[in-house]
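S.K.: Below you will find the structure I want to go over with you.
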Amino acid sequence: MGNDISFPRQQARTQRFTVGAPRTFAVSSDGARVFFLRPATATSRANGLWELNTATGVERLLADPAQLLTDPEDLPAEEKARRERTRESGAGIVGYALSKDATVASFALSGRLFVADLTSGAVRELPTQGGVIDPRVDPTGTRVAYVTRGTLRVVDLDSGDDYAVAVPDGEDVTFGLAEFIAAEEMSRYRGYWWEPNGTRLIAARVNNATVQRWYIADPANPATAATEIAYPAAGTPNANVTLHVVSLDGTFVPVLLEFDYLNDVHWSSGGAPLITTQTRDQRTRRIYSLAPETGSVTELVTETDPTWIEVTGGAPAWTPDGRLVRIVGSGDEYALQVGDDVVTTGLQVRRVLDIADDSILVAASADDPTQTHVYSVGTTVEKLSTEDGVHTAIRGGDTVVLASATLDRFGVRATVGAHEIESWADTPVLKAAPRLLTLGERDIRAALLLPTGHTPGTKLPVLMDPYGGPHAQRVVSSQNAFLASQWLADQGFAVIVADGRGTPGRGLAWERAIAYDFAGATLEDQVDALHAAAAIEPDLDLSRVAIRGWSYGGYLSALAVLRRPDVFHAGIAGAPVTDWRLYDTHYTERYLGHPDEKPEVYDSNSLIADADKLSRPLMIIHGLADDNVVAAHTLRLSSALLAAGRPHTVLPLSGVTHMTPQEQVAENLLLLQVDFLKQSLA
């Protein structure tokens, strides 16, 4: 792509420079082959399934969507919803499953089921009973399970027989799918799990009958009926989730366990199936082993915390020799525990990546939270990633695929020993030059970006560009993380990105400092970061300060201009939460408690009552098709502002969800924001 294209257009067209990059890696158990997704050609946008021979470094295209589909993609509604939860914006093959010996792969294309023989390279379509969601080949490679219209079905690969193993018993019931809360807030995107020998499955039954209904309309197309969604807002009922062991012979065994939240299920050859649950207040986590024949459970561990217990990735799980692997709070650290032993110190363990006989791979941060490295934890702890940056990995046998992002290099580099998997992602037309800083008495991690070629001594208006809330970290040692911020800086701003209290990577106390106090802690840290940065960089003009953000960052931006107009002179709030009673149960109640028990907390963290305080320019942007932070947040704040006689700007985006994936929308959003900021700070 030539340099005549603008950065906003390039970023939108390339989906933030992810199109063309290899992704979704898997390694065969013998380490001989690495599988991954990447477009079939350098000019295609649709992902194909690829294989890398680790001995030779030769890459082979196994499945090309252009050869398998003759019509444009037509996704089932359930698949569209699943992709919104996973923030999946790719095309073609976006996920796949492998048999244990990596001889068979299953995947969906346009709601149709395909299997690939990974030995011969042959790919064939299997007829199904409806649009296919989440197809997964069983570990033995003889059958594929999938979900259609809420029914969990299994196809025999030899005979082609397709039969239902779990059928909904009500119009609000599904089998084999993750409920909204699990997918949106727990990173659990699946609802069924194969037994290692491929003869049974554990299936989640989700009943949404008690969940309140909301309706997402498309005002730009009044003839289109509103979409009904089951949305469990804070303080309202969640979906009822139960587990069942279903056998291929039709046996159906209920799991004798009640819970508020199902975090995960783990079924491996290392031991009995593991079930991890949370109470609704998230202060208790219980881990059970399951007897599949009877559905009875045995409680293995109960963990409690006076604030909350974090949902962890990759654990709890078994080691091959039957020891329980967990990520636990140990002092102020997230530590790895194997059996009865805490086996890491000095690290903030973020995720378990792989569990083998002699070692466990984890992603963790040491003393610098902007960096995440891969460690092998066995009899000793060995750091596998050597470059400063953000790293993750996947392993099979002795083969490790290391995916690495650094500050001095675009994109993510995927290496397998001496081989580098080629990326066809675009090179951005600009390069970010962030100065990573540690600011103020709380050592807030921040990045400062000045215009390219800035002349020292020239005063610059300041733009705070945070997310600033739980679960998301913006200040990381990765070039691509700062590209949009650098473009904004090049429009004539000094841009500051700051990760305050509540953001991950800094330990338990740092994350829990926001309990019951979104508005106080996160806003205070943005103010402190601004003033501390100005003490270091004299070219920051504190008489012209703006703030912009999306989602929690949108909440923080509106909050800033409403409550600290002495500091912030303009704000752009994208898809902001404005009343936490309108946001979902698992996220909101974790941090603010139950609204019936702590109504004063919800009141003090809401923006609605602050409407009459607005004295600065505020632009609010919201996708009308957003089913995560619904447009009611913006409309209610706008109504309150109007009632208080406070002028403001609202930019409604017809047909746009929380992700704003549309190319022209994403490009023009950046351009309109810059125009608004320049006028507001002039």
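Chain labels A, B, ... are given in the sequence in which chains occur in the structure tokens; within each chain residues are numbered consecutively from 1, and ligands are likewise numbered from 1 in the order shown.
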For stretch 300-418 of chain A versus stretch 444-467 of chain A, which residues have an atom no more than 10 Å away, and what is each residue's nearest atom pair and distance in Å rounded to one decimal, using only C-alpha atoms, chain-then-number order, as CSV?

M.R.:
residue,atom,partner,partner_atom,distance
A:Asp368,CA,A:Arg445,CA,9.2
A:Pro369,CA,A:Arg445,CA,8.1
A:Thr370,CA,A:Arg445,CA,7.7

S.K.: Store the residues of this selection in a file with all heavy atoms, as a JSON list (two decimals), in the first residue's frame.

M.R.:
[["chain", "number", "residue", "atom", "x", "y", "z"],
["A", 368, "ASP", "N", 8.33, -4.51, 35.30],
["A", 368, "ASP", "CA", 7.85, -3.54, 34.32],
["A", 368, "ASP", "C", 6.52, -4.02, 33.75],
["A", 368, "ASP", "O", 6.48, -4.94, 32.94],
["A", 368, "ASP", "CB", 8.88, -3.39, 33.19],
["A", 368, "ASP", "CG", 8.46, -2.36, 32.14],
["A", 368, "ASP", "OD1", 7.35, -1.81, 32.26],
["A", 368, "ASP", "OD2", 9.24, -2.12, 31.20],
["A", 369, "PRO", "N", 5.41, -3.42, 34.17],
["A", 369, "PRO", "CA", 4.10, -3.91, 33.70],
["A", 369, "PRO", "C", 3.84, -3.64, 32.23],
["A", 369, "PRO", "O", 2.87, -4.18, 31.68],
["A", 369, "PRO", "CB", 3.11, -3.15, 34.60],
["A", 369, "PRO", "CG", 3.83, -1.90, 34.99],
["A", 369, "PRO", "CD", 5.28, -2.29, 35.12],
["A", 370, "THR", "N", 4.66, -2.81, 31.58],
["A", 370, "THR", "CA", 4.45, -2.57, 30.15],
["A", 370, "THR", "C", 4.95, -3.74, 29.31],
["A", 370, "THR", "O", 4.70, -3.78, 28.11],
["A", 370, "THR", "CB", 5.15, -1.29, 29.68],
["A", 370, "THR", "OG1", 6.57, -1.49, 29.63],
["A", 370, "THR", "CG2", 4.83, -0.12, 30.59]]

S.K.: Could you give me, as an MDAnalysis selection string, the residues within 9 Å of stretch 168-171 of chain A, counting only C-alpha atoms and dropping anything in the same chain fewer than 3 positions from it?

M.R.: chainID A and resid 149:152 174:175 205 207 209

S.K.: Write out as a PDB file with C-alpha atoms, in the first residue's frame which residues come within 9 Å of stretch 57-69 of chain A when counting only C-alpha atoms, dropping same-chain ones fewer than 5 positions away.

M.R.:
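Result file follows (result.pdb):
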ATOM      1  CA  PRO A  39      -5.282 -14.858   4.250  1.00  0.00           C
ATOM      2  CA  ALA A  40      -4.852 -17.278   1.387  1.00  0.00           C
ATOM      3  CA  ALA A  46     -10.339 -13.934   4.008  1.00  0.00           C
ATOM      4  CA  ASN A  47      -8.313 -16.161   6.310  1.00  0.00           C
ATOM      5  CA  GLY A  48      -7.231 -19.588   5.149  1.00  0.00           C
ATOM      6  CA  LEU A  49      -5.873 -22.467   7.236  1.00  0.00           C
ATOM      7  CA  TRP A  50      -2.112 -22.985   6.926  1.00  0.00           C
ATOM      8  CA  GLU A  51       0.510 -25.483   8.062  1.00  0.00           C
ATOM      9  CA  LEU A  52       4.213 -24.914   8.755  1.00  0.00           C
ATOM     10  CA  GLY A  92     -13.016 -16.444   6.046  1.00  0.00           C
ATOM     11  CA  ILE A  93     -11.901 -19.024   8.600  1.00  0.00           C
ATOM     12  CA  LEU A 109     -17.340 -20.995   6.678  1.00  0.00           C
ATOM     13  CA  SER A 110     -20.481 -18.956   6.112  1.00  0.00           C
ATOM     14  CA  PHE A 114     -15.891 -28.264   6.686  1.00  0.00           C
ATOM     15  CA  ALA A 116      -9.734 -31.050   6.474  1.00  0.00           C
ATOM     16  CA  ASP A 117      -7.635 -34.209   6.292  1.00  0.00           C
ATOM     17  CA  LEU A 118      -4.314 -32.755   7.400  1.00  0.00           C
ATOM     18  CA  GLY A 121      -4.701 -32.117   2.355  1.00  0.00           C
ATOM     19  CA  ALA A 122      -8.245 -32.947   1.240  1.00  0.00           C
ATOM     20  CA  VAL A 123     -11.029 -30.628   2.422  1.00  0.00           C
ATOM     21  CA  ARG A 124     -14.696 -31.549   2.270  1.00  0.00           C
ATOM     22  CA  GLU A 125     -17.996 -30.037   3.325  1.00  0.00           C
ATOM     23  CA  VAL A 416       9.264 -21.103  15.466  1.00  0.00           C
ATOM     24  CA  ALA A 418      14.856 -20.276  13.399  1.00  0.00           C
ATOM     25  CA  HIS A 419      11.754 -19.883  11.224  1.00  0.00           C
ATOM     26  CA  GLU A 420       9.638 -16.742  11.066  1.00  0.00           C
ATOM     27  CA  ILE A 421       6.063 -17.115   9.855  1.00  0.00           C
TER      28      ILE A 421
END

S.K.: Go through A:Leu508, A:Gly468, A:Ala91, A:Glu600 and flag the residue nearest A:Leu556, using only C-alpha atoms for the distances.

M.R.: A:Gly468

S.K.: Apply DSSP to the structure's backbone, then extract all residues of stretch 537-608 of chain A labelled helix (DSSP H, G or I) and return them as JSON, numbers by chain.

M.R.: {"A": [552, 553, 554, 555, 556, 557, 558, 559, 560, 561, 562, 563, 580, 581, 582, 585, 586, 587, 588, 589, 590, 591, 592, 599, 600, 601, 602, 603, 604, 605, 608]}

S.K.: Can you work out which one of A:Leu290, A:Val377, A:Val115, A:Ala575 has the shortest atom-to-atom distance to A:Asp357, counting only C-alpha atoms?

M.R.: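 For A:Asp357, the nearest of the candidates is A:Val377.
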
S.K.: Write out as a list in words which residues come within 6 Å of A:Gln337 when counting only C-alpha atoms, dropping same-chain ones fewer than 2 positions away.

M.R.: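 Once the nearby chain positions are removed, what remains is Val325, Arg326, Asp341, Val342 and Val343 of chain A.
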
S.K.: Filtering to all heavy atoms, could you give me those residues as a compact mmCIF listing (two decimals), in the first residue's frame?

M.R.:
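So the final result, stored in again-v6.txt, reads:
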# COMPACT_ATOMS: atom_id res chain seq x y z
N VAL A 325 -3.40 -27.06 38.69
CA VAL A 325 -2.70 -25.81 38.36
C VAL A 325 -3.68 -24.66 38.53
O VAL A 325 -4.79 -24.69 37.99
CB VAL A 325 -2.18 -25.85 36.90
CG1 VAL A 325 -1.53 -24.52 36.53
CG2 VAL A 325 -1.19 -26.99 36.72
N ARG A 326 -3.24 -23.65 39.29
CA ARG A 326 -4.08 -22.47 39.50
C ARG A 326 -3.23 -21.21 39.42
O ARG A 326 -2.01 -21.25 39.61
CB ARG A 326 -4.73 -22.50 40.88
CG ARG A 326 -5.73 -23.60 41.11
CD ARG A 326 -6.36 -23.47 42.49
NE ARG A 326 -5.46 -23.89 43.56
CZ ARG A 326 -5.51 -23.43 44.81
NH1 ARG A 326 -6.41 -22.48 45.13
NH2 ARG A 326 -4.69 -23.89 45.73
N ASP A 341 1.95 -26.17 46.03
CA ASP A 341 3.13 -25.31 46.02
C ASP A 341 2.95 -24.09 45.12
O ASP A 341 2.57 -24.22 43.95
CB ASP A 341 4.36 -26.09 45.54
CG ASP A 341 4.66 -27.30 46.41
OD1 ASP A 341 4.51 -27.17 47.64
OD2 ASP A 341 5.01 -28.36 45.86
N VAL A 342 3.22 -22.91 45.68
CA VAL A 342 3.34 -21.70 44.88
C VAL A 342 4.73 -21.70 44.26
O VAL A 342 5.74 -21.73 44.97
CB VAL A 342 3.12 -20.44 45.73
CG1 VAL A 342 3.39 -19.18 44.91
CG2 VAL A 342 1.69 -20.41 46.27
N VAL A 343 4.80 -21.68 42.91
CA VAL A 343 6.07 -21.95 42.23
C VAL A 343 6.64 -20.72 41.53
O VAL A 343 7.67 -20.83 40.85
CB VAL A 343 5.92 -23.11 41.23
CG1 VAL A 343 5.60 -24.40 41.97
CG2 VAL A 343 4.83 -22.81 40.20

S.K.: Which residues, written as a ChimeraX atom specification, have at least one atom at most 12 Å from A:Ile608, with only C-alpha atoms counted and residues fewer than 5 positions away on the same chain left out?

M.R.: /A:555,558-559,562-563,576-582,602-603,613-614,632-644

S.K.: I'd like the contact shell of A:Asp156 - 10 Å cut-off, only C-alpha atoms, skipping same-chain residues fewer than 6 positions apart - returned as a ChimeraX atom specification.

M.R.: /A:126,137,141-145,162-163

S.K.: Per DSSP on the backbone, filter stretch 191-331 of chain A down to the residues in strand (DSSP E) and report them as a PyMOL selection string.

M.R.: chain A and resi 192-194+200-207+213-216+227-230+240-247+252-254+261-266+274-278+284-291+296-304+317-318+324-330
